[in-house]
Protein chains: 2
Amino acid sequence: MRLSLVALAVAMLAPASGVMAQTAPTWPDAAATDPVAVGWMVGSPPPPERRIRFEDLSFMRFPQIRWSFSHWRELLPTAEISRGDGPVSVLPVALRDDLNAVTFTPMGGDAPITWEQSLAENYTDGILVMHRGRIVYERYFGALTPHGQHIAHSVTKSFVGTAAAMLIAEGGLDRDARVDRYLPELADSAFADATVGQVLDMTTGLAYTEVYTDPNSDAFAFVRAGGMMPRPPGYDGPTTSYDYLKTVQKAGEHGQGFTYKSVNTEVAGWLVSRVSGKPLDEVLSERFWIPLGMERDAYIQVDSSGAGYAAGGLNLQLRDFARFCEMMRNGGRFNDRQVVPEAVVADIAAGGDPEAFKTGGYATLPGWSYHNQWWVSHNADGAYMARGVHGQACYVDPRAEMIIVRFASNPRAGNALIDPMSLPAYQAVADRLMAAPEH
Amino acid sequence: MRLSLVALAVAMLAPASGVMAQTAPTWPDAAATDPVAVGWMVGSPPPPERRIRFEDLSFMRFPQIRWSFSHWRELLPTAEISRGDGPVSVLPVALRDDLNAVTFTPMGGDAPITWEQSLAENYTDGILVMHRGRIVYERYFGALTPHGQHIAHSVTKSFVGTAAAMLIAEGGLDRDARVDRYLPELADSAFADATVGQVLDMTTGLAYTEVYTDPNSDAFAFVRAGGMMPRPPGYDGPTTSYDYLKTVQKAGEHGQGFTYKSVNTEVAGWLVSRVSGKPLDEVLSERFWIPLGMERDAYIQVDSSGAGYAAGGLNLQLRDFARFCEMMRNGGRFNDRQVVPEAVVADIAAGGDPEAFKTGGYATLPGWSYHNQWWVSHNADGAYMARGVHGQACYVDPRAEMIIVRFASNPRAGNALIDPMSLPAYQAVADRLMAAPEH
């Protein structure tokens, strides 16, 4: 059980964490773990050794995640995020084969590899590049199909953070107000005297550990409460995410620096639901799925009180992920609508305080910052990202007029282990598109 | 716990059962239990007394079912039934207000009531009448919206039975073959020497009880195995529906008469999956959702092996339910396609053996029969039905060129208690449409 706990925790809770000091093990490669070739969950019933279940944690183990990340709803309760009945927004396509041959040298590497080679190295399930509003690259692997939905993990946070920022812009939520003004239920918790902004930027001081090598880490209590992980026999802890948040106590002061702790996003999700008077699935539908003209309904994992898992429960189609990401690049505009106020997008893109970010300990992200649940590079291109464990990403490069969205089932949980093969690749594609915009 | 078990069992396993000898209690009416007015699951989080959960069985209690039947996926793991990417088939609309005033006298009643009044009496969540291919009546109540999905309960059986009959017509499945020819895993069970046809017509002889007033009834073991009901601490029984089926033993001989036992349908679902080489969700997608041009993806509850709950796990939109039902009325043709072979539909509509049906003990269905998971009236109109617990129905009246589909959350579980207010109403509407076809 100890190993299983660690595996789950690493998988579920280590989004982009540089805190993880795990030594990188060697994993079987993407071809050897292709979930279709392996035949996970094939057969009526699948043979026991090819079954993937929630109860035994196999759904969070590698290589099983190569299947489960594209089949999340079959394992857990979920709520629909409706796209409504409107027309699907158009995504023009102008594919460019030349991108396959783009080369880059991974961080810490000594030999260049091609973009196409990197896709397998990253255990990519789906990847889509848009340039100047057109799809220039789109590939699917393993268990993911163009029609399929994939878990976004902590990319969910950026959807929730953007919704929160919209509420702030509209005046419904005060970024400088204390959390307990909106959520009196958190009066006895660490969050009571944190500001909304501190929660959104993850600069709260919390006696809450996300140490994935320690089965007693608080992170496990959080996921057990929210039903993201099976509960042991005789479990008598909290049975909802919100009830867990009430138990989180303070350590140090708020506003002292960035530390990535998923419970902040659960508070942000709760704030969004409280202020809007709607559950997260409805908020995401009204704020994004309907106005963006999404192709497919999406869904979000829910706990036993019906609350959407704000820190990591969103599942969506790759093309719809691209619509969201492209909308950000376009200053909030997409599908002939101003979906997010331009000022909200500009504020996110401008980022937070790189000094405060240093406490996060992200070696692969020097000079970056974190703001409203987005990761901001402050590089020459002004790039910023939504990032999720195991390689989920929305990468916006404003100067290159490019976005990249990726779903993956990389055995490496933390993006710190994935960035070396990803960030230089994204930059190389951006550079190619800038050098040859009309291929 | 004892009462809860009974409540769940009645709700979940008593589809159309005439075996139930329960005396009818008095229930609060539809208006008093309107789930939107009551505010189930509203709030972030909902107050404890307004929460509906899987673990405590509240999702199967009345009046909570008025909400949960339209929110099934939020409580349990489910698999999508894809409609594909094709165009939505057209359902012409020509509404007729005159149907509201149609009157009928309920079975055993002494005073007529109107069709419109009967909708509340039946705790209707959604109802749609088509006449000569056009929607003439469509209403939604409570937690169900036109866009929403509702659990079909045992109506699922008729979808599965139709798919099985198609496989038989195509030669992939032999109606006269023994079940163990296809499912050697059932060699030591009662089903081994039953024929496919006996399973489909529920004339197997099984040592399996569906006695809803007895918490030790086999029916509880079945739903616990399939995950349709929480398992007690220390549970060490089977953890999939198929594993449960292996334990069912024989009582008497097969082919002696009809007895409604849901495990037969699980065998039928297993046969369909085995022979087609596809899980039930894919079968339903390919056989019905794609060719019928359904409006929305549907979904089916799955167990821990990924098997769809053939006996009752389908959730779908009301208009898509109408498309399926209208396709049956049209001899299998819909959306400019022959979706189901005409001979398959004719065979279902012709029904089974009314003599064999008498062993079922359905007082409200004199002269009826059961064939391929459909209920056949053998009345003057040649009507036949798909029926699900708590009032789910597809009613095909060939002579009246009419179909009626209904979703409901009637506190009365068995259709034996619902038929008195339903079957005469359906006939009255059919009579009205025949008398005044061009209103």
# chains A, B, ... in the order shown; residues from 1 in each chain; ligands from 1
call {"tool": "select_by_dssp", "arguments": {"residues": "stretch 145-251 of chain B", "states": "strand (DSSP E or B)", "output": "list in words"}}
result
His150, Ile151, Arg178, Thr195, Leu206 and Lys250 of chain B
call {"tool": "interface_residues", "arguments": {"of": "chain B", "to": "chain A", "cutoff": "6 Å", "atoms": "only C-alpha atoms", "output": "PyMOL selection string"}}
result
chain B and resi 44+73-79+274
call {"tool": "residues_around", "arguments": {"residues": "A:Thr124", "least_positions_apart": "6", "cutoff": "7 Å", "atoms": "only C-alpha atoms", "output": "count of residues only"}}
result
4
call {"tool": "atom_distance", "arguments": {"atom1": "atom CA of A:Asp193", "atom2": "atom CA of A:Ala225"}}
result
23.2 Å
call {"tool": "residues_around", "arguments": {"residues": "B:Gly360", "least_positions_apart": "6", "cutoff": "7 Å", "atoms": "only C-alpha atoms", "output": "ChimeraX atom specification"}}
result
/B:258-260
call {"tool": "write_last_selection", "arguments": {"atoms": "N, CA and C atoms", "output": "PDB file, in the first residue's frame"}}
result
ATOM      1  N   PHE B 258     -42.286 -17.601 -18.152  1.00  0.00           N
ATOM      2  CA  PHE B 258     -41.631 -16.310 -17.988  1.00  0.00           C
ATOM      3  C   PHE B 258     -41.539 -15.915 -16.517  1.00  0.00           C
ATOM      4  N   THR B 259     -40.365 -15.558 -16.083  1.00  0.00           N
ATOM      5  CA  THR B 259     -40.194 -14.917 -14.780  1.00  0.00           C
ATOM      6  C   THR B 259     -39.183 -13.800 -14.948  1.00  0.00           C
ATOM      7  N   TYR B 260     -39.570 -12.616 -14.560  1.00  0.00           N
ATOM      8  CA  TYR B 260     -38.732 -11.436 -14.795  1.00  0.00           C
ATOM      9  C   TYR B 260     -37.565 -11.428 -13.826  1.00  0.00           C
TER      10      TYR B 260
END
call {"tool": "select_by_dssp", "arguments": {"residues": "stretch 147-311 of chain B", "states": "helix (DSSP H, G or I)", "output": "JSON, numbers by chain"}}
result
{"B": [155, 156, 157, 158, 159, 160, 161, 162, 163, 164, 165, 166, 167, 168, 169, 170, 179, 180, 181, 182, 184, 185, 186, 196, 197, 198, 199, 200, 201, 218, 219, 220, 221, 222, 223, 224, 225, 226, 241, 242, 243, 244, 245, 262, 263, 264, 265, 266, 267, 268, 269, 270, 271, 272, 273, 274, 275, 276, 280, 281, 282, 283, 284, 285, 286, 287, 288, 289]}
call {"tool": "residues_around", "arguments": {"residues": "B:Leu245", "least_positions_apart": "6", "cutoff": "9 Å", "atoms": "only C-alpha atoms", "output": "PyMOL selection string"}}
result
chain B and resi 186+189-191+222+263-264+266-267
call {"tool": "write_last_selection", "arguments": {"atoms": "N, CA, C and O atoms", "output": "compact mmCIF listing (two decimals), in the first residue's frame"}}
result
# COMPACT_ATOMS: atom_id res chain seq x y z
N LEU B 186 -19.60 -19.34 -17.97
CA LEU B 186 -20.84 -19.64 -17.25
C LEU B 186 -21.12 -21.14 -17.20
O LEU B 186 -22.24 -21.55 -16.87
N SER B 189 -22.75 -22.41 -14.11
CA SER B 189 -23.89 -21.64 -13.63
C SER B 189 -25.18 -22.18 -14.23
O SER B 189 -25.16 -23.03 -15.13
N ALA B 190 -26.28 -21.64 -13.77
CA ALA B 190 -27.60 -22.02 -14.30
C ALA B 190 -27.72 -21.70 -15.78
O ALA B 190 -28.50 -22.34 -16.49
N PHE B 191 -26.97 -20.71 -16.25
CA PHE B 191 -27.15 -20.26 -17.62
C PHE B 191 -26.52 -21.19 -18.66
O PHE B 191 -26.82 -21.09 -19.85
N PHE B 222 -26.49 -9.28 -6.42
CA PHE B 222 -26.25 -8.89 -7.82
C PHE B 222 -25.85 -7.42 -7.92
O PHE B 222 -24.84 -7.07 -8.54
N VAL B 263 -30.97 -10.69 -14.05
CA VAL B 263 -29.71 -11.34 -14.40
C VAL B 263 -29.74 -11.91 -15.81
O VAL B 263 -28.69 -12.01 -16.45
N ASN B 264 -30.90 -12.27 -16.31
CA ASN B 264 -30.98 -12.74 -17.70
C ASN B 264 -30.44 -11.67 -18.66
O ASN B 264 -29.74 -11.99 -19.63
N GLU B 266 -28.32 -9.32 -18.00
CA GLU B 266 -26.87 -9.18 -17.90
C GLU B 266 -26.19 -10.25 -18.76
O GLU B 266 -25.16 -9.98 -19.39
N VAL B 267 -26.76 -11.45 -18.78
CA VAL B 267 -26.22 -12.49 -19.65
C VAL B 267 -26.38 -12.06 -21.11
O VAL B 267 -25.46 -12.21 -21.93
call {"tool": "residues_around", "arguments": {"residues": "B:Pro87", "least_positions_apart": "6", "cutoff": "10 Å", "atoms": "only C-alpha atoms", "output": "list of chain:residue names"}}
result
B:Ile290, B:Leu292, B:Gly293, B:Met294, B:Glu295
call {"tool": "atom_distance", "arguments": {"atom1": "atom CA of A:Gly332", "atom2": "atom CA of A:Gly257"}}
result
28.4 Å
call {"tool": "residues_around", "arguments": {"residues": "A:Ile81", "least_positions_apart": "3", "cutoff": "8 Å", "atoms": "only C-alpha atoms", "output": "PDB file with N, CA, C and O atoms, in the first residue's frame"}}
result
ATOM      1  N   ASP A 281     -19.201  23.086 -12.757  1.00  0.00           N
ATOM      2  CA  ASP A 281     -19.539  22.611 -14.097  1.00  0.00           C
ATOM      3  C   ASP A 281     -20.383  23.637 -14.851  1.00  0.00           C
ATOM      4  O   ASP A 281     -20.147  23.892 -16.038  1.00  0.00           O
ATOM      5  N   GLU A 282     -21.311  24.269 -14.157  1.00  0.00           N
ATOM      6  CA  GLU A 282     -22.136  25.292 -14.816  1.00  0.00           C
ATOM      7  C   GLU A 282     -21.326  26.547 -15.123  1.00  0.00           C
ATOM      8  O   GLU A 282     -21.503  27.182 -16.167  1.00  0.00           O
ATOM      9  N   LEU A 284     -18.119  26.724 -15.782  1.00  0.00           N
ATOM     10  CA  LEU A 284     -17.252  26.456 -16.935  1.00  0.00           C
ATOM     11  C   LEU A 284     -18.061  26.384 -18.227  1.00  0.00           C
ATOM     12  O   LEU A 284     -17.592  26.797 -19.290  1.00  0.00           O
ATOM     13  N   SER A 285     -19.275  25.867 -18.130  1.00  0.00           N
ATOM     14  CA  SER A 285     -20.150  25.837 -19.299  1.00  0.00           C
ATOM     15  C   SER A 285     -20.485  27.253 -19.759  1.00  0.00           C
ATOM     16  O   SER A 285     -20.303  27.602 -20.928  1.00  0.00           O
ATOM     17  N   TRP A 289     -17.503  27.039 -22.294  1.00  0.00           N
ATOM     18  CA  TRP A 289     -17.947  26.045 -23.282  1.00  0.00           C
ATOM     19  C   TRP A 289     -18.971  26.603 -24.258  1.00  0.00           C
ATOM     20  O   TRP A 289     -18.892  26.368 -25.463  1.00  0.00           O
ATOM     21  N   ASP A 297     -19.239  18.540 -25.314  1.00  0.00           N
ATOM     22  CA  ASP A 297     -19.380  18.691 -23.875  1.00  0.00           C
ATOM     23  C   ASP A 297     -18.099  18.184 -23.224  1.00  0.00           C
ATOM     24  O   ASP A 297     -17.435  17.282 -23.737  1.00  0.00           O
ATOM     25  N   ALA A 298     -17.752  18.780 -22.103  1.00  0.00           N
ATOM     26  CA  ALA A 298     -16.632  18.285 -21.313  1.00  0.00           C
ATOM     27  C   ALA A 298     -17.202  17.745 -19.997  1.00  0.00           C
ATOM     28  O   ALA A 298     -18.422  17.646 -19.850  1.00  0.00           O
ATOM     29  N   TYR A 299     -16.349  17.374 -19.084  1.00  0.00           N
ATOM     30  CA  TYR A 299     -16.861  16.961 -17.778  1.00  0.00           C
ATOM     31  C   TYR A 299     -15.821  17.154 -16.698  1.00  0.00           C
ATOM     32  O   TYR A 299     -14.632  17.297 -16.985  1.00  0.00           O
ATOM     33  N   ILE A 300     -16.303  17.190 -15.472  1.00  0.00           N
ATOM     34  CA  ILE A 300     -15.413  17.396 -14.335  1.00  0.00           C
ATOM     35  C   ILE A 300     -15.754  16.392 -13.242  1.00  0.00           C
ATOM     36  O   ILE A 300     -16.924  16.102 -12.992  1.00  0.00           O
TER      37      ILE A 300
END
call {"tool": "closest_residue", "arguments": {"among": "A:Leu144, A:Val376, A:Ala111, A:Ala430", "to": "A:Gly352", "atoms": "only C-alpha atoms"}}
result
A:Val376
